[in-house]
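structure.csv (CSV, C-alpha atoms)
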chain,number,residue,atom,x,y,z
A,37,MET,CA,113.6,100.4,150.7
A,38,GLY,CA,113.1,104.1,150.2
A,39,SER,CA,116.8,104.8,149.9
A,40,ASP,CA,117.1,102.0,147.4
A,41,ALA,CA,114.4,103.5,145.2
A,42,LYS,CA,116.1,106.9,145.5
A,43,ARG,CA,119.5,105.4,144.5
A,44,LYS,CA,117.9,103.7,141.4
A,45,ALA,CA,116.2,107.0,140.5
A,46,ARG,CA,119.6,108.8,140.7
A,47,GLU,CA,121.2,106.1,138.6
A,48,ARG,CA,118.5,106.4,136.0
A,49,ALA,CA,118.9,110.2,136.0
A,50,VAL,CA,122.7,109.9,135.5
A,51,LYS,CA,122.2,107.4,132.7
A,52,LYS,CA,119.7,109.7,131.0
A,53,ARG,CA,122.0,112.6,131.3
A,54,LEU,CA,124.9,110.6,129.9
A,55,ALA,CA,122.8,109.5,127.0
A,56,LYS,CA,121.7,113.1,126.3
A,57,ASP,CA,125.4,114.2,126.4
A,58,ARG,CA,126.4,111.4,124.0
A,59,HIS,CA,123.5,112.4,121.7
A,60,PHE,CA,124.5,116.0,121.6
A,61,ALA,CA,128.2,115.1,121.1
A,62,LYS,CA,127.1,113.1,118.1
A,63,MET,CA,125.0,116.0,116.8
A,64,LYS,CA,128.1,118.2,117.2
A,65,ARG,CA,130.2,115.7,115.2
A,66,GLY,CA,127.6,115.7,112.5
A,67,VAL,CA,126.5,112.2,113.0
A,68,PRO,CA,123.4,111.8,110.7
A,69,PRO,CA,119.9,111.5,112.1
A,70,GLY,CA,118.7,108.0,112.6
A,71,PHE,CA,117.0,105.7,114.9
A,72,ILE,CA,116.8,102.1,116.2
A,73,ALA,CA,113.5,100.4,115.8
A,74,LYS,CA,113.0,97.5,118.2
A,75,TYR,CA,110.0,95.3,117.6
A,76,ALA,CA,108.1,93.7,120.5
A,77,ASP,CA,109.4,90.3,119.4
A,78,PRO,CA,111.8,89.2,116.6
A,79,ASN,CA,108.9,87.4,114.8
A,80,SER,CA,107.0,90.7,114.4
A,81,LEU,CA,110.0,92.1,112.4
A,82,ALA,CA,110.1,89.0,110.3
A,83,VAL,CA,106.4,89.1,109.6
A,84,CYS,CA,106.0,92.9,109.1
A,85,GLY,CA,109.4,93.8,107.7
A,86,PRO,CA,111.3,97.0,108.5
A,87,VAL,CA,109.0,100.0,108.2
A,88,LEU,CA,109.4,103.8,108.6
A,89,LYS,CA,106.8,106.4,109.2
A,90,ALA,CA,106.3,108.8,106.2
A,91,ILE,CA,103.9,111.3,104.8
A,92,TRP,CA,103.1,111.8,101.1
A,93,THR,CA,101.9,115.2,99.9
A,94,VAL,CA,101.2,116.7,96.5
A,95,PRO,CA,104.4,118.1,94.8
A,96,PRO,CA,104.9,121.9,95.1
A,97,ALA,CA,104.1,122.5,91.4
A,98,LEU,CA,100.7,120.8,91.8
A,99,ALA,CA,100.0,122.5,95.1
A,100,LYS,CA,100.6,125.9,93.4
A,101,ALA,CA,98.4,125.0,90.4
A,102,LEU,CA,95.6,123.9,92.8
A,103,THR,CA,95.9,127.1,94.8
A,104,ASP,CA,96.0,129.3,91.7
A,105,SER,CA,92.8,127.7,90.4
A,106,SER,CA,91.1,128.1,93.9
A,107,ARG,CA,91.0,124.4,94.5
A,108,SER,CA,91.8,122.8,97.8
A,109,ILE,CA,95.0,120.9,98.3
A,110,PRO,CA,94.5,117.3,99.3
A,111,ALA,CA,95.4,116.5,102.9
A,112,PRO,CA,98.8,114.9,103.5
A,113,LEU,CA,98.7,111.2,103.5
A,114,PRO,CA,100.6,109.5,106.4
A,115,GLY,CA,101.5,105.8,106.6
A,116,TYR,CA,104.3,103.3,106.7
A,117,MET,CA,106.9,102.7,104.1
A,118,LEU,CA,108.5,99.3,103.8
A,119,ILE,CA,112.3,99.3,103.4
A,120,ASP,CA,112.7,97.1,100.4
A,121,THR,CA,116.2,96.4,99.1
A,122,GLY,CA,114.6,94.5,96.3
A,123,ALA,CA,113.1,97.6,94.9
A,124,ALA,CA,115.3,99.7,92.5
A,125,GLY,CA,113.3,102.9,93.2
A,126,THR,CA,111.1,104.3,95.9
A,127,CYS,CA,107.4,103.6,95.1
A,128,ILE,CA,104.0,104.9,96.2
A,129,ALA,CA,101.0,102.7,96.9
A,130,LEU,CA,98.6,103.3,94.0
A,131,ASP,CA,95.7,104.0,96.4
A,132,ALA,CA,97.8,106.6,98.1
A,133,ALA,CA,98.5,108.3,94.8
A,134,GLN,CA,94.8,108.3,94.0
A,135,GLY,CA,94.0,109.6,97.5
A,136,LEU,CA,96.2,112.6,96.8
A,137,GLY,CA,94.5,113.1,93.4
A,138,LEU,CA,97.7,112.7,91.5
A,139,THR,CA,97.7,112.1,87.8
A,140,PRO,CA,100.6,110.1,86.2
A,141,LEU,CA,103.5,111.8,84.5
A,142,ARG,CA,104.2,108.8,82.3
A,143,LEU,CA,104.2,105.0,82.2
A,144,GLU,CA,107.3,102.9,82.8
A,145,LYS,CA,107.9,99.3,82.2
A,146,SER,CA,108.9,97.2,85.2
A,147,TYR,CA,109.6,93.5,85.5
A,148,GLY,CA,109.1,90.8,88.1
A,149,ALA,CA,108.2,87.2,88.3
A,150,GLY,CA,105.0,87.9,86.4
A,151,GLY,CA,107.0,89.4,83.5
A,152,LEU,CA,106.9,92.9,82.1
A,153,HIS,CA,104.2,95.4,82.8
A,154,GLU,CA,103.6,99.1,82.7
A,155,LEU,CA,103.2,101.1,85.9
A,156,PRO,CA,102.2,104.8,86.2
A,157,VAL,CA,104.8,107.2,87.5
A,158,PHE,CA,103.7,110.0,89.7
A,159,GLY,CA,105.3,113.2,91.0
A,160,ALA,CA,104.9,113.3,94.8
A,161,GLN,CA,106.5,114.8,97.8
A,162,LEU,CA,107.8,112.3,100.4
A,163,THR,CA,108.6,113.2,104.0
A,164,ILE,CA,110.3,110.5,106.0
A,165,ILE,CA,109.8,110.9,109.8
A,166,ILE,CA,112.7,109.8,112.0
A,167,VAL,CA,112.5,110.0,115.8
A,168,ASP,CA,116.0,110.3,117.2
A,169,PRO,CA,117.1,108.7,120.5
A,170,MET,CA,116.2,111.9,122.4
A,171,GLY,CA,112.6,111.7,121.1
A,172,ARG,CA,113.1,114.6,118.7
A,173,GLU,CA,111.3,114.2,115.4
A,174,VAL,CA,113.4,114.8,112.3
A,175,SER,CA,111.7,115.0,109.0
A,176,MET,CA,113.3,114.9,105.6
A,177,GLY,CA,112.1,114.4,102.1
A,178,GLY,CA,112.0,115.5,98.5
A,179,ASP,CA,110.0,116.0,95.4
A,180,LEU,CA,110.2,112.5,93.8
A,181,GLN,CA,109.0,110.6,90.7
A,182,VAL,CA,107.7,107.3,91.9
A,183,LYS,CA,106.0,104.3,90.4
A,184,GLY,CA,102.5,103.5,91.7
A,185,ILE,CA,102.1,99.9,93.0
A,186,PRO,CA,98.7,98.4,92.9
A,187,GLU,CA,97.5,96.5,96.0
A,188,LEU,CA,100.4,97.6,98.2
A,189,GLY,CA,97.9,99.5,100.3
A,190,GLU,CA,96.3,96.2,101.3
A,191,TYR,CA,99.6,95.1,103.0
A,192,PHE,CA,98.5,95.3,106.6
A,193,ARG,CA,95.3,93.4,105.9
A,194,TYR,CA,97.5,90.3,105.8
A,195,VAL,CA,100.1,91.3,108.4
A,196,PRO,CA,98.8,91.0,112.0
A,197,VAL,CA,101.3,93.3,113.7
A,198,GLN,CA,100.3,96.1,116.0
A,199,PHE,CA,102.4,99.2,116.4
A,200,ALA,CA,103.2,101.1,119.6
A,201,ASP,CA,101.9,104.3,118.1
A,202,ALA,CA,98.3,103.4,117.7
A,203,ALA,CA,97.4,107.0,116.7
A,204,PHE,CA,99.5,106.8,113.5
A,205,PRO,CA,97.6,105.3,110.5
A,206,ARG,CA,98.2,101.6,110.1
A,207,ARG,CA,98.5,101.8,106.3
A,208,MET,CA,101.2,100.9,103.9
A,209,VAL,CA,101.8,103.9,101.6
A,210,GLY,CA,105.0,102.8,99.7
A,211,LEU,CA,108.3,101.2,99.4
A,212,ILE,CA,111.7,102.8,100.2
A,213,GLY,CA,113.9,101.5,97.4
A,214,ARG,CA,117.6,101.6,96.6
A,215,ASP,CA,117.5,105.1,95.2
A,216,LEU,CA,116.9,106.4,98.8
A,217,LEU,CA,118.9,103.7,100.5
A,218,ARG,CA,121.8,104.9,98.4
A,219,HIS,CA,121.9,107.7,101.0
A,220,ALA,CA,121.4,105.6,104.1
A,221,THR,CA,122.9,103.0,106.4
A,222,PHE,CA,120.5,100.2,107.2
A,223,VAL,CA,121.4,97.4,109.6
A,224,TYR,CA,118.9,94.5,110.0
A,225,LYS,CA,119.2,92.5,113.2
A,226,GLY,CA,116.6,89.8,112.6
A,227,SER,CA,117.6,87.6,115.6
A,228,ILE,CA,116.7,90.4,118.1
A,229,GLY,CA,113.9,92.0,116.1
A,230,GLN,CA,115.7,95.3,115.6
A,231,PHE,CA,116.9,97.4,112.7
A,232,ASP,CA,119.0,100.6,112.7
A,233,PHE,CA,118.4,103.2,110.0
A,234,LYS,CA,120.5,106.3,109.5
A,235,LEU,CA,120.3,108.9,106.7
A,236,ASP,CA,123.4,110.5,105.4
A,237,LEU,CA,122.3,114.1,105.1
A,238,GLY,CA,125.4,115.2,103.3
A,239,SER,CA,124.8,112.6,100.6
A,240,LEU,CA,121.1,113.5,100.3
A,241,THR,CA,122.0,117.2,99.9
A,242,GLN,CA,124.3,116.4,97.0
A,243,ARG,CA,121.4,114.9,95.1
A,244,ILE,CA,117.9,113.8,96.0
A,245,PRO,CA,117.1,110.9,93.7
A,246,GLY,CA,114.2,111.3,91.4
A,247,THR,CA,114.4,115.0,91.1
B,553,MET,CA,99.3,114.2,65.6
B,554,VAL,CA,97.3,112.9,68.5
B,555,THR,CA,94.3,114.9,69.6
B,556,GLY,CA,92.3,114.2,72.8
B,557,SER,CA,95.1,111.9,73.6
B,558,THR,CA,95.4,109.5,76.5
B,559,LEU,CA,98.6,109.0,78.5
B,560,LYS,CA,99.1,105.7,76.6
B,561,ASP,CA,99.0,107.6,73.3
B,562,GLU,CA,101.6,110.1,74.6
B,563,GLN,CA,103.8,107.3,75.9
B,564,ALA,CA,103.7,105.5,72.6
B,565,ALA,CA,104.6,108.7,70.7
B,566,PHE,CA,107.4,109.4,73.1
B,567,ASP,CA,108.8,105.9,72.9
B,568,ALA,CA,108.7,106.1,69.1
B,569,GLN,CA,110.7,109.4,69.1
B,570,LEU,CA,113.1,108.6,71.9
B,571,ASP,CA,116.0,107.7,69.6
B,572,GLU,CA,115.8,111.0,67.9
B,573,LEU,CA,115.4,112.9,71.2
B,574,LEU,CA,118.5,111.1,72.5
B,575,LYS,CA,120.5,112.7,69.7
B,576,THR,CA,119.2,116.2,70.3
B,577,HIS,CA,118.4,116.5,74.0
B,578,PRO,CA,120.0,113.7,76.0
B,579,GLY,CA,119.6,113.9,79.7
B,580,LYS,CA,116.9,116.6,79.6
B,581,TYR,CA,113.2,116.3,80.6
B,582,VAL,CA,110.7,116.7,77.9
B,583,LEU,CA,107.1,117.9,78.1
B,584,PHE,CA,105.1,115.9,75.5
B,585,LYS,CA,101.7,116.9,74.3
B,586,ASP,CA,99.6,115.7,71.4
B,587,GLY,CA,102.3,113.3,70.3
B,588,ARG,CA,105.1,115.8,70.0
B,589,PRO,CA,107.7,117.4,72.2
B,590,VAL,CA,106.7,120.9,73.4
B,591,GLU,CA,109.5,122.0,75.6
B,592,PHE,CA,112.7,120.7,77.2
B,593,PHE,CA,113.8,121.3,80.8
B,594,ASP,CA,116.8,120.5,83.0
B,595,ASP,CA,114.8,118.9,85.8
B,596,TYR,CA,111.4,117.3,86.5
B,597,PRO,CA,110.0,120.0,88.9
B,598,SER,CA,110.5,122.7,86.3
B,599,ALA,CA,108.9,120.6,83.6
B,600,TYR,CA,105.9,119.7,85.8
B,601,GLY,CA,105.4,123.3,86.9
B,602,ALA,CA,105.5,124.5,83.3
B,603,ALA,CA,103.1,121.8,82.1
B,604,LEU,CA,100.6,122.7,84.8
B,605,LYS,CA,100.9,126.3,84.0
B,606,ARG,CA,100.4,125.7,80.3
B,607,TYR,CA,97.8,123.0,80.3
B,608,GLY,CA,96.1,123.3,83.7
B,609,LEU,CA,94.9,120.4,85.9
B,610,SER,CA,92.7,118.4,83.5
B,611,GLU,CA,94.6,118.0,80.3
B,612,VAL,CA,96.7,115.0,79.5
B,613,PHE,CA,100.5,115.5,79.0
B,614,LEU,CA,103.6,113.5,79.5
B,615,ILE,CA,106.8,114.3,81.3
B,616,ALA,CA,109.8,112.0,80.9
B,617,PRO,CA,113.5,112.0,81.1
B,618,ILE,CA,115.3,111.6,77.8
B,619,ILE,CA,117.4,108.6,78.7
B,620,LYS,CA,117.7,105.1,77.4
B,621,SER,CA,116.0,103.2,80.2
B,622,LYS,CA,115.7,99.6,80.9
B,623,PRO,CA,112.8,98.0,82.8
B,624,GLN,CA,113.6,97.9,86.5
B,625,PRO,CA,112.3,95.7,89.2
B,626,VAL,CA,109.7,97.4,91.4
B,627,SER,CA,110.4,94.9,94.0
B,628,ILE,CA,111.5,91.4,93.3
B,629,SER,CA,109.9,90.1,96.4
B,630,TRP,CA,106.6,91.9,95.8
B,631,GLU,CA,106.4,90.8,92.2
B,632,ALA,CA,107.3,87.2,93.1
B,633,GLY,CA,104.5,87.2,95.7
B,634,VAL,CA,106.8,86.3,98.6
B,635,MET,CA,106.7,89.6,100.5
B,636,ILE,CA,103.8,88.4,102.7
B,637,GLY,CA,104.0,84.9,104.0

Could you write out this file's structure as structure tokens?
Amino acid sequence: MGSDAKRKARERAVKKRLAKDRHFAKMKRGVPPGFIAKYADPNSLAVCGPVLKAIWTVPPALAKALTDSSRSIPAPLPGYMLIDTGAAGTCIALDAAQGLGLTPLRLEKSYGAGGLHELPVFGAQLTIIIVDPMGREVSMGGDLQVKGIPELGEYFRYVPVQFADAAFPRRMVGLIGRDLLRHATFVYKGSIGQFDFKLDLGSLTQRIPGT
Amino acid sequence: MVTGSTLKDEQAAFDAQLDELLKTHPGKYVLFKDGRPVEFFDDYPSAYGAALKRYGLSEVFLIAPIIKSKPQPVSISWEAGVMIG
């Protein structure tokens, strides 16, 4: 019994070491950072949709202006971003923009089933948080111009899904649209409640959309 | 000339002058204030930084790319009301 447990522990340690080696080999080859999100059951992914952790902050220009006028910079606003292939551009939840004290740069017309309407466009700094298979946190982001979406912040009120990381705010703060997905590989595996997301850093470096 | 303008006023003035701006400064970012273009920039961060420096945190101004844009879907599923069951 004792030796069986030891053998299993040894096997686990070997598997862990091999996974680590594979991971560092990928890093050496320049494989982009990414992760696999596995939901507790396939239905949770269907109900909640694929979400990534992210943080919105005020853009650098606004942070400087606030500092120069001796005003405090609003605290970063963490939450989840829904990967939305139906969205042309990455968006911020309107209540998140208001929480950061942002004022719109302009108005832009958008269309949907309800017809044409005008939405405010904000300048905001987005950081997407990716935890790689070794548990290392990789963050990337940019100074974007994003439309503010009313009522998006209410999303989780209607979605009864609990996340493993209970400490992270259960709040929808935006949509990741095709402007950012242009620089990513996204594989949705609905039948097993899993999605894979990888960012192409080389492509992102060439041009961060919205800047 | 618009004084004490709102963002809607600035937007209306920008929309009305867009065709002219497309001839003179295509692809640039414009800082718009009181119904007229103030300065042109190569990118949005420069325009926003200059606007905040010039007008501070409480005045209304508009920053927009000089491009012929079409309305785009924010999210078809969101707009159609089918994102949440």

For chain A, work out the contacting residues on chain B at 12 Å, counting all atoms listed in the file, and write them as a PyMOL selection string. chain B and resi 558-567+580-585+594-617+620-637

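Computed from the coordinates, the CA of Glu190 in chain A to CA of Ile72 in chain A distance equals 26.0 Å.
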
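From CA of Phe233 in chain A back to CA of Thr93 in chain A, the distance works out to 22.8 Å.
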
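Closest approach to Ser108 in chain A among A:Ile164, A:Met208, A:Ala73, A:Leu136: A:Leu136, based on only C-alpha atoms.
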
What's the separation between CA of Ser80 in chain A and CA of Leu118 in chain A, in Å to one decimal place?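 These atoms are spaced 13.7 Å apart.
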
Of the candidates A:Lys51, A:Glu173, A:Ile91, A:Ala202, which one gets nearest to Pro114 in chain A if we count only C-alpha atoms?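 Looking at the shortest contact to Pro114 in chain A, the residue is A:Ile91.
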
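Ranking B:Lys575, B:Ser557, B:Ile618, B:Gln569 by their shortest atom-to-atom distance to Phe592 in chain B, with only C-alpha atoms included, puts B:Ile618 first.
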